[in-house]
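Note: the block below is data_0.csv and it holds CSV, C-alpha atoms.
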```
chain,number,residue,atom,x,y,z
A,886,MET,CA,117.7,82.8,38.9
A,887,THR,CA,116.1,82.6,42.4
A,888,THR,CA,115.5,85.6,44.6
A,889,GLY,CA,113.9,84.0,47.6
A,890,ARG,CA,112.4,85.8,50.7
A,891,ALA,CA,115.6,86.2,52.7
A,892,GLY,CA,113.9,88.2,55.6
A,893,ALA,CA,111.6,85.4,56.6
A,894,ASN,CA,114.3,82.8,56.3
A,895,LEU,CA,116.7,84.7,58.4
A,896,THR,CA,114.0,85.1,61.1
A,897,ALA,CA,113.4,81.3,61.0
A,898,ILE,CA,117.1,80.5,61.4
A,899,ALA,CA,117.5,82.9,64.2
A,900,ALA,CA,114.4,81.5,66.1
A,901,ALA,CA,115.6,78.0,65.7
A,902,LEU,CA,119.1,78.7,67.1
A,903,GLY,CA,118.0,81.4,69.7
A,904,VAL,CA,120.2,84.1,68.2
A,905,SER,CA,119.4,87.5,66.6
A,906,THR,CA,118.7,87.9,62.9
A,907,ALA,CA,121.7,90.3,62.8
A,908,THR,CA,123.9,87.5,64.0
A,909,VAL,CA,122.5,85.2,61.3
A,910,SER,CA,123.0,87.8,58.6
A,911,ASN,CA,126.6,88.5,59.7
A,912,ALA,CA,127.4,84.8,59.8
A,913,LEU,CA,126.0,84.1,56.3
A,914,SER,CA,127.7,87.2,54.8
A,915,SER,CA,130.9,86.5,56.7
A,916,LYS,CA,130.7,89.9,58.3
A,917,GLY,CA,130.8,91.0,62.0
A,918,ARG,CA,132.2,89.1,64.9
A,919,VAL,CA,130.6,85.7,64.9
A,920,SER,CA,132.6,82.7,66.2
A,921,ALA,CA,133.6,80.0,63.7
A,922,GLU,CA,131.6,77.4,65.7
A,923,LEU,CA,128.4,79.5,65.7
A,924,SER,CA,128.8,80.5,62.0
A,925,GLU,CA,129.0,76.8,61.1
A,926,LYS,CA,125.8,76.0,63.1
A,927,ILE,CA,124.1,78.9,61.4
A,928,ARG,CA,125.1,77.7,57.9
A,929,LEU,CA,124.0,74.1,58.7
A,930,LYS,CA,120.7,75.3,59.9
A,931,ALA,CA,120.3,77.6,56.9
A,932,ASP,CA,120.9,74.6,54.6
A,933,ALA,CA,118.4,72.5,56.6
A,934,LEU,CA,115.7,75.1,56.3
A,935,GLY,CA,116.3,75.7,52.6
A,936,TYR,CA,117.6,79.3,53.0
A,937,VAL,CA,118.0,81.1,49.7
A,938,PRO,CA,119.8,84.5,49.8
A,939,SER,CA,118.0,87.4,48.3
A,940,ILE,CA,119.8,88.9,45.3
A,941,ALA,CA,117.8,92.1,45.7
A,942,GLY,CA,118.9,92.3,49.3
A,943,ARG,CA,122.5,91.7,48.5
A,944,ALA,CA,122.3,94.4,45.8
A,945,LEU,CA,121.1,96.9,48.4
A,946,ARG,CA,123.8,95.9,50.9
A,947,THR,CA,126.7,95.8,48.4
A,948,GLY,CA,125.7,97.9,45.5
A,949,LYS,CA,126.2,94.9,43.2
A,950,SER,CA,123.5,92.8,41.6
A,951,GLY,CA,125.4,89.5,41.4
A,952,VAL,CA,124.0,89.0,37.9
A,953,LEU,CA,125.6,88.6,34.5
A,954,GLY,CA,123.9,89.1,31.2
A,955,LEU,CA,124.1,86.7,28.2
A,956,VAL,CA,123.0,87.7,24.7
A,957,LEU,CA,122.6,84.9,22.2
A,958,PRO,CA,121.9,85.3,18.4
A,959,ASP,CA,119.2,82.6,18.1
A,960,ILE,CA,118.1,80.5,21.0
A,961,ALA,CA,116.2,78.2,18.5
A,962,ASN,CA,119.5,77.0,17.1
A,963,PRO,CA,120.3,73.9,19.1
A,964,LEU,CA,123.9,75.0,19.6
A,965,PHE,CA,123.1,78.1,21.7
A,966,PRO,CA,121.2,76.4,24.5
A,967,GLN,CA,124.4,74.3,25.0
A,968,ILE,CA,126.4,77.6,25.2
A,969,ALA,CA,123.8,79.1,27.6
A,970,GLN,CA,124.1,76.0,29.9
A,971,ALA,CA,127.9,76.2,30.0
A,972,ILE,CA,127.8,80.0,30.7
A,973,GLU,CA,125.2,79.6,33.5
A,974,LYS,CA,127.3,76.8,35.1
A,975,ALA,CA,130.5,78.9,35.0
A,976,ALA,CA,128.7,81.9,36.3
A,977,ASP,CA,127.1,79.9,39.1
A,978,ASN,CA,130.6,78.6,40.1
A,979,ALA,CA,131.7,82.2,40.3
A,980,GLY,CA,128.7,83.1,42.5
A,981,TYR,CA,126.7,84.9,39.8
A,982,GLY,CA,123.2,84.4,38.3
A,983,VAL,CA,122.5,84.9,34.6
A,984,LEU,CA,119.9,86.8,32.7
A,985,ILE,CA,119.5,85.6,29.0
A,986,ALA,CA,118.4,87.6,26.1
A,987,ASP,CA,117.8,86.5,22.5
A,988,SER,CA,118.5,88.8,19.6
A,989,HIS,CA,116.6,86.6,17.1
A,990,GLY,CA,119.4,87.1,14.5
A,991,ASP,CA,118.4,90.8,14.2
A,992,VAL,CA,120.9,93.7,14.6
A,993,ALA,CA,118.4,96.1,16.1
A,994,LYS,CA,117.1,93.4,18.5
A,995,GLN,CA,120.6,92.7,19.6
A,996,THR,CA,121.1,96.3,20.6
A,997,ASP,CA,117.8,96.3,22.4
A,998,ALA,CA,118.7,93.1,24.2
A,999,ILE,CA,122.0,94.6,25.4
A,1000,ASN,CA,120.2,97.8,26.6
A,1001,ARG,CA,117.5,95.8,28.5
A,1002,LEU,CA,120.2,93.9,30.4
A,1003,ILE,CA,122.0,97.1,31.3
A,1004,GLU,CA,118.7,98.5,32.6
A,1005,ARG,CA,118.3,95.4,34.8
A,1006,GLY,CA,121.6,96.1,36.4
A,1007,VAL,CA,123.9,93.3,35.2
A,1008,GLU,CA,127.5,93.7,36.3
A,1009,GLY,CA,128.9,92.3,33.2
A,1010,MET,CA,127.8,90.6,29.9
A,1011,VAL,CA,128.7,87.7,27.7
A,1012,ILE,CA,127.7,88.3,24.1
A,1013,VAL,CA,127.6,85.9,21.2
A,1014,PRO,CA,127.2,88.4,18.4
A,1015,ARG,CA,124.8,88.1,15.4
A,1016,ARG,CA,126.9,87.3,12.3
A,1017,GLY,CA,128.6,90.2,10.7
A,1018,THR,CA,128.2,92.5,13.7
A,1019,ARG,CA,130.7,94.2,16.0
A,1020,ILE,CA,129.9,95.0,19.6
A,1021,GLY,CA,130.2,98.7,20.3
A,1022,ASN,CA,130.3,100.6,23.6
A,1023,VAL,CA,128.5,98.8,26.4
A,1024,ASP,CA,128.2,100.3,29.9
A,1025,CYS,CA,129.7,97.3,31.6
A,1026,PRO,CA,132.5,94.8,31.1
A,1027,VAL,CA,131.8,92.6,28.1
A,1028,ALA,CA,133.2,89.2,27.1
A,1029,VAL,CA,132.6,88.4,23.4
A,1030,ILE,CA,132.5,84.8,22.1
A,1031,ASP,CA,132.7,84.8,18.3
A,1032,SER,CA,135.9,83.9,16.4
A,1033,PRO,CA,139.6,84.6,16.8
A,1034,SER,CA,139.4,86.7,13.6
A,1035,THR,CA,136.7,88.9,15.1
A,1036,HIS,CA,138.0,92.3,16.4
A,1037,GLY,CA,137.4,92.5,20.1
A,1038,ASN,CA,136.9,88.8,20.6
A,1039,THR,CA,137.5,87.6,24.1
A,1040,VAL,CA,137.7,83.9,23.7
A,1041,SER,CA,136.3,81.3,21.3
A,1042,ALA,CA,136.8,78.0,19.6
A,1043,ASP,CA,139.6,77.7,17.1
A,1044,HIS,CA,137.2,77.5,14.2
A,1045,TRP,CA,140.0,77.7,11.6
A,1046,GLY,CA,141.9,74.9,13.3
A,1047,GLY,CA,138.7,72.8,13.4
A,1048,GLY,CA,138.3,73.3,9.7
A,1049,VAL,CA,141.9,72.2,9.1
A,1050,GLN,CA,141.2,68.9,10.9
A,1051,ILE,CA,138.2,68.2,8.7
A,1052,GLY,CA,140.1,69.1,5.5
A,1053,ARG,CA,143.0,66.8,6.5
A,1054,HIS,CA,140.7,64.0,7.4
A,1055,LEU,CA,139.0,64.1,4.0
A,1056,ALA,CA,142.3,64.4,2.1
A,1057,GLU,CA,143.7,61.4,4.0
A,1058,LEU,CA,140.6,59.4,3.0
A,1059,GLY,CA,141.4,60.1,-0.6
A,1060,HIS,CA,138.7,62.7,-1.4
A,1061,ARG,CA,139.8,64.9,-4.3
A,1062,LYS,CA,136.6,66.8,-5.1
A,1063,VAL,CA,134.9,68.4,-2.1
A,1064,VAL,CA,131.9,70.7,-1.7
A,1065,ILE,CA,132.1,73.0,1.4
A,1066,ILE,CA,128.6,73.9,2.6
A,1067,GLY,CA,128.1,77.2,4.5
A,1068,ASN,CA,125.1,79.3,5.3
A,1069,ASN,CA,126.1,82.9,5.1
A,1070,PRO,CA,129.5,84.5,4.0
A,1071,ASP,CA,128.8,87.4,6.4
A,1072,SER,CA,129.7,85.1,9.4
A,1073,ASN,CA,133.3,85.3,10.6
A,1074,VAL,CA,132.9,81.9,12.2
A,1075,GLN,CA,131.7,80.3,9.0
A,1076,ASN,CA,134.4,82.0,7.0
A,1077,ASP,CA,137.1,80.8,9.4
A,1078,ARG,CA,135.7,77.2,9.2
A,1079,VAL,CA,135.6,77.3,5.4
A,1080,GLY,CA,139.1,78.7,5.2
A,1081,GLY,CA,140.4,76.0,7.6
A,1082,ILE,CA,138.8,73.2,5.5
A,1083,ARG,CA,140.5,74.6,2.4
A,1084,SER,CA,143.8,74.8,4.2
A,1085,GLY,CA,143.4,71.3,5.5
A,1086,LEU,CA,142.8,70.0,2.0
A,1087,SER,CA,146.3,71.4,1.2
A,1088,GLY,CA,145.9,71.5,-2.5
A,1089,LEU,CA,145.2,67.8,-2.6
A,1090,ALA,CA,141.6,68.4,-3.6
A,1091,GLU,CA,139.4,70.6,-5.7
A,1092,ALA,CA,136.9,72.5,-3.5
A,1093,GLU,CA,133.8,74.5,-4.2
A,1094,THR,CA,131.8,76.4,-1.6
A,1095,LEU,CA,128.0,76.5,-1.6
A,1096,TRP,CA,126.5,79.3,0.4
A,1097,ILE,CA,123.0,78.3,1.3
A,1098,ALA,CA,121.7,81.9,1.9
A,1099,SER,CA,122.7,82.8,-1.7
A,1100,LEU,CA,121.0,79.7,-3.1
A,1101,GLU,CA,117.8,80.3,-1.1
A,1102,LYS,CA,117.7,83.9,-2.1
A,1103,HIS,CA,117.3,82.7,-5.7
A,1104,ASP,CA,115.4,79.4,-5.3
A,1105,GLY,CA,113.5,80.0,-2.0
A,1106,ALA,CA,113.8,78.9,1.6
A,1107,GLY,CA,114.3,75.1,2.0
A,1108,CYS,CA,115.2,74.6,-1.7
A,1109,PRO,CA,117.3,71.6,-2.7
A,1110,LEU,CA,121.0,72.0,-2.3
A,1111,GLY,CA,121.7,70.1,-5.5
A,1112,VAL,CA,124.1,67.7,-3.8
A,1113,ALA,CA,123.1,64.7,-5.9
A,1114,GLN,CA,124.1,66.7,-9.0
A,1115,LYS,CA,127.4,67.4,-7.5
A,1116,VAL,CA,128.0,63.7,-6.9
A,1117,ALA,CA,127.2,63.2,-10.6
A,1118,GLN,CA,129.9,65.7,-11.4
A,1119,GLY,CA,132.4,63.6,-9.4
A,1120,PHE,CA,132.3,65.2,-6.0
A,1121,THR,CA,132.7,62.6,-3.2
A,1122,ALA,CA,132.6,64.6,0.0
A,1123,PHE,CA,130.4,67.4,1.5
A,1124,ALA,CA,132.0,69.3,4.4
A,1125,ALA,CA,129.4,71.5,6.1
A,1126,VAL,CA,130.3,74.2,8.6
A,1127,SER,CA,127.4,73.2,10.8
A,1128,ASP,CA,125.8,69.9,11.8
A,1129,LEU,CA,122.4,71.5,10.8
A,1130,HIS,CA,123.7,72.0,7.2
A,1131,ALA,CA,125.3,68.5,7.2
A,1132,LEU,CA,122.0,66.9,8.2
A,1133,ARG,CA,120.3,68.8,5.3
A,1134,ALA,CA,122.9,67.5,2.8
A,1135,LEU,CA,122.8,64.0,4.3
A,1136,THR,CA,119.0,63.8,4.1
A,1137,GLU,CA,119.0,65.1,0.5
A,1138,LEU,CA,121.6,62.6,-0.6
A,1139,GLN,CA,119.7,59.7,1.0
A,1140,ARG,CA,116.4,60.8,-0.5
A,1141,ASP,CA,118.0,60.8,-4.0
A,1142,GLY,CA,119.3,57.3,-3.5
A,1143,ILE,CA,123.0,58.1,-2.8
A,1144,THR,CA,124.4,56.0,0.0
A,1145,VAL,CA,126.6,57.6,2.7
A,1146,PRO,CA,129.5,57.1,3.1
A,1147,GLU,CA,129.9,54.5,0.3
A,1148,GLN,CA,129.1,57.0,-2.5
A,1149,ALA,CA,129.5,60.3,-0.7
A,1150,SER,CA,131.0,61.3,2.7
A,1151,VAL,CA,129.4,64.0,4.9
A,1152,THR,CA,131.0,66.0,7.7
A,1153,GLY,CA,129.6,68.6,10.1
A,1154,PHE,CA,130.6,71.0,12.8
A,1155,ASP,CA,129.6,71.5,16.5
A,1156,ASP,CA,128.7,67.9,17.5
A,1157,LEU,CA,125.1,68.7,18.3
A,1158,ILE,CA,123.2,66.4,20.6
A,1159,TRP,CA,121.7,64.4,17.7
A,1160,ALA,CA,124.9,64.0,15.7
A,1161,PRO,CA,125.8,60.5,17.2
A,1162,VAL,CA,122.2,59.1,16.6
A,1163,VAL,CA,121.4,60.1,13.0
A,1164,THR,CA,122.0,57.4,10.4
A,1165,PRO,CA,124.8,57.2,9.6
A,1166,ALA,CA,126.3,58.9,12.7
A,1167,LEU,CA,127.8,62.2,11.8
A,1168,THR,CA,131.6,62.8,11.6
A,1169,THR,CA,132.0,66.3,13.1
A,1170,ILE,CA,134.0,68.8,15.1
A,1171,ARG,CA,133.4,69.2,18.8
A,1172,MET,CA,133.7,72.6,20.6
A,1173,ASP,CA,134.9,72.7,24.2
A,1174,MET,CA,132.1,75.0,25.4
A,1175,VAL,CA,132.8,74.3,29.1
A,1176,ARG,CA,136.4,75.6,28.7
A,1177,ILE,CA,135.3,78.6,26.6
A,1178,ALA,CA,132.6,79.5,29.2
A,1179,ASP,CA,135.0,79.2,32.1
A,1180,LEU,CA,137.5,81.5,30.4
A,1181,ALA,CA,134.9,84.1,29.4
A,1182,VAL,CA,133.3,84.3,32.8
A,1183,THR,CA,136.7,84.3,34.6
A,1184,ALA,CA,137.8,87.2,32.5
A,1185,LEU,CA,134.5,89.0,33.1
A,1186,VAL,CA,134.5,88.5,36.9
A,1187,ARG,CA,138.2,89.6,37.1
A,1188,SER,CA,137.3,92.8,35.4
A,1189,ILE,CA,134.2,93.4,37.6
A,1190,ASP,CA,136.3,92.8,40.8
A,1191,ALA,CA,139.3,94.9,39.8
A,1192,GLU,CA,139.6,98.1,41.8
A,1193,ASP,CA,140.6,100.0,38.7
A,1194,ARG,CA,138.2,98.2,36.4
A,1195,PRO,CA,137.0,99.9,33.2
A,1196,VAL,CA,133.4,101.2,33.3
A,1197,SER,CA,132.8,99.5,30.0
A,1198,GLY,CA,134.5,97.6,27.2
A,1199,GLY,CA,135.8,94.2,26.2
A,1200,VAL,CA,137.7,92.0,28.6
A,1201,VAL,CA,140.7,89.8,27.8
A,1202,ALA,CA,140.8,86.1,28.7
A,1203,ASP,CA,143.9,84.2,29.7
A,1204,ILE,CA,143.5,82.1,26.5
A,1205,SER,CA,141.7,83.5,23.5
A,1206,LYS,CA,141.5,80.4,21.3
A,1207,VAL,CA,140.4,77.0,22.4
A,1208,ALA,CA,141.2,73.9,20.3
A,1209,MET,CA,138.4,71.8,18.7
A,1210,GLU,CA,138.2,68.1,18.5
A,1211,LEU,CA,137.6,65.9,15.5
A,1212,ILE,CA,134.9,63.2,16.2
A,1213,VAL,CA,135.1,60.5,13.6
A,1214,ARG,CA,131.9,58.6,13.0
A,1215,SER,CA,130.4,56.6,10.1
A,1216,SER,CA,129.1,59.3,7.8
A,1217,CYS,CA,132.6,59.7,6.4
A,1218,GLY,CA,134.6,57.0,4.7
A,1219,PRO,CA,137.3,56.4,2.1
A,1220,ASN,CA,136.9,57.6,-1.5
A,1221,HIS,CA,136.8,54.6,-3.8
A,1222,LYS,CA,136.7,56.6,-7.0
A,1223,LYS,CA,139.9,57.5,-8.9
A,1224,GLN,CA,140.0,61.3,-9.3
A,1225,ALA,CA,142.5,63.8,-10.6
A,1226,VAL,CA,142.7,67.2,-9.1
A,1227,ASN,CA,142.5,70.1,-11.5
A,1228,LYS,CA,145.6,71.9,-10.5
A,1229,THR,CA,144.8,75.0,-12.6
A,1230,SER,CA,141.3,75.6,-11.2
A,1231,THR,CA,140.7,77.6,-8.1
A,1232,ALA,CA,138.2,76.8,-5.4
A,1233,GLY,CA,135.2,78.8,-6.6
A,1234,GLU,CA,131.8,79.7,-5.2
A,1235,LEU,CA,128.6,78.1,-6.4
A,1236,ALA,CA,126.6,81.0,-7.6
A,1237,SER,CA,122.9,81.2,-7.1
```
Once you've parsed the file, please lay out its structure as structure tokens.
Amino acid sequence: MTTGRAGANLTAIAAALGVSTATVSNALSSKGRVSAELSEKIRLKADALGYVPSIAGRALRTGKSGVLGLVLPDIANPLFPQIAQAIEKAADNAGYGVLIADSHGDVAKQTDAINRLIERGVEGMVIVPRRGTRIGNVDCPVAVIDSPSTHGNTVSADHWGGGVQIGRHLAELGHRKVVIIGNNPDSNVQNDRVGGIRSGLSGLAEAETLWIASLEKHDGAGCPLGVAQKVAQGFTAFAAVSDLHALRALTELQRDGITVPEQASVTGFDDLIWAPVVTPALTTIRMDMVRIADLAVTALVRSIDAEDRPVSGGVVADISKVAMELIVRSSCGPNHKKQAVNKTSTAGELAS
């Protein structure tokens, strides 16, 4: 976010055109009586001289900072820089800058991040919550991007619907024993994706869920997922709720001599930047982050601009649930094994 030195720039523009700095200021802010012809000349000269308006100056004039806040749960996760980029672009299109804060996956740090942005005078805030948390009272309009099942959610991807697409795809390929890989059952997003995959399998397959956090609590961080053993037990597909977890399963399968997709299929979620270039390229679900960002920022700005706007609280988007897209690549193929589904069994959890 650039603040610039507006005073010096205004003076330079005025001197170049032989007008007063007040005339330049009025023309650039669309205030005062400045002819359309002169206003156009001033804008062209401002562009030529590289004029950058001062956000601090605008705040003093209007009482508004022109800045939105963005709180992310973990900027190290490659998904969240993509979200930040989409939010920044949507905000820029609406005439706002963005201040970004990272909660590092910690509830207390999430609260601190929100408070710091409030202290810096943001007019509104977009929050992607840490898993398992709900956003309480915040002293400005807030757009929450989490999951449609999350109370107070403003707009998000249809995570359940994305899971349904994965489940149906695997069922259509003949997979009858599927391991669903998630990280933490406290996440509404992950639970929705897991539930959608189960729904998409539609009783055609036996499914077990492996929660990595539970496994690592028992066996240590970075421990083997045991996917090769599951293949030995007749499982032919691994549906991960994140591309990161899919890559972990894919790497482990290949390390143990299991070919993908000939002996086991792997699917992911989020279509991260490297998903098309791993070997084999990853079948996954793509989120329309640009659409989600536009809806979130539009709802936020609408609340900020409303004469009777609430002092704080969640905002409502025109659309709360954005469809996801199945991206079929080579990590997923037909099941060549003959399998029978155990109709009497329920889809259990792999205990640590």
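If all atoms listed in the file are the atoms counted, then among A:Ile1158, A:Asp1179, A:Ser920, A:Ser1087 the closest residue to Phe965 in chain A is A:Ile1158.
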Extract, using only C-alpha atoms, all DNA, RNA and protein residues at most 12 Å from Ala1160 in chain A, discarding same-chain residues fewer than 2 positions from it, and format them as an NGL selection string. :A and (963-964 or 1127-1132 or 1135 or 1151-1158 or 1162-1171 or 1212-1216)
Between A:Ala1149, A:Ala993, A:Val1064, A:Val1079, single out the one closest to Arg1015 in chain A, counting only C-alpha atoms.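 Selected residue with least distance to Arg1015 in chain A: A:Ala993.
Minimum atom-to-atom distances from A:Met1010, A:Val1145, A:Ala1042, A:Ile1003 to Ile1204 in chain A were compared using only C-alpha atoms, and the lowest value belongs to A:Ala1042.
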Near-range 998-1002 of chain A list (12 Å; only C-alpha atoms; drop same-chain fewer than 5 positions) as a PyMOL selection string: chain A and resi 950+952-958+983-993+1007-1015+1020-1027
Kindly indicate which residue among A:Gly1080, A:Gly903, A:Gly1052, A:Gly1111 lies nearest to Arg1140 in chain A, using all atoms listed in the file for the distances.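 Between A:Gly1080, A:Gly903, A:Gly1052, A:Gly1111, the residue approaching Arg1140 in chain A most closely is A:Gly1111.
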For a quick check of understanding, using all atoms listed in the file, which of A:Ala976, A:Ala907, A:Ile1082, A:Ala931 has the smallest distance to Val1182 in chain A?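 Among the listed residues, A:Ala976 lies closest to Val1182 in chain A.
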What does the structure give for the distance between CA of Gln1050 in chain A and CA of Asn962 in chain A, in Å to one decimal? 24.0 Å
Between CA of Asn1073 in chain A and CA of Arg1133 in chain A - distance in Å to one decimal: 21.7 Å
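Of note, CA of Ile1097 in chain A and CA of Asn1068 in chain A are spaced 4.6 Å apart.
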Proximity to Val1112 in chain A - best of A:Glu925, A:Glu1091, A:Asp1141, A:Asp1071, only C-alpha atoms: A:Asp1141
In the coordinate frame of the file, compute which residues have an atom within 7 Å of (135.2, 81.8, 16.8) when using all atoms listed in the file, and state them as a PyMOL selection string. chain A and resi 1030-1033+1041-1044+1074
Need the shell around Gly1067 in chain A: protein/DNA/RNA residues with any atom at most 9 Å away, counting all atoms listed in the file. Skip same-chain ones fewer than 5 positions apart. Format as a tab-separated table (two decimals) with C-alpha atoms, in the frame of the given file?
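Final file, out_37.tsv:
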```tsv
chain	number	residue	atom	x	y	z
A	1075	GLN	CA	131.70	80.30	9.00
A	1076	ASN	CA	134.40	82.00	7.00
A	1078	ARG	CA	135.70	77.20	9.20
A	1079	VAL	CA	135.60	77.30	5.40
A	1094	THR	CA	131.80	76.40	-1.60
A	1095	LEU	CA	128.00	76.50	-1.60
A	1096	TRP	CA	126.50	79.30	0.40
A	1097	ILE	CA	123.00	78.30	1.30
A	1098	ALA	CA	121.70	81.90	1.90
A	1124	ALA	CA	132.00	69.30	4.40
A	1125	ALA	CA	129.40	71.50	6.10
A	1126	VAL	CA	130.30	74.20	8.60
A	1127	SER	CA	127.40	73.20	10.80
A	1130	HIS	CA	123.70	72.00	7.20
```
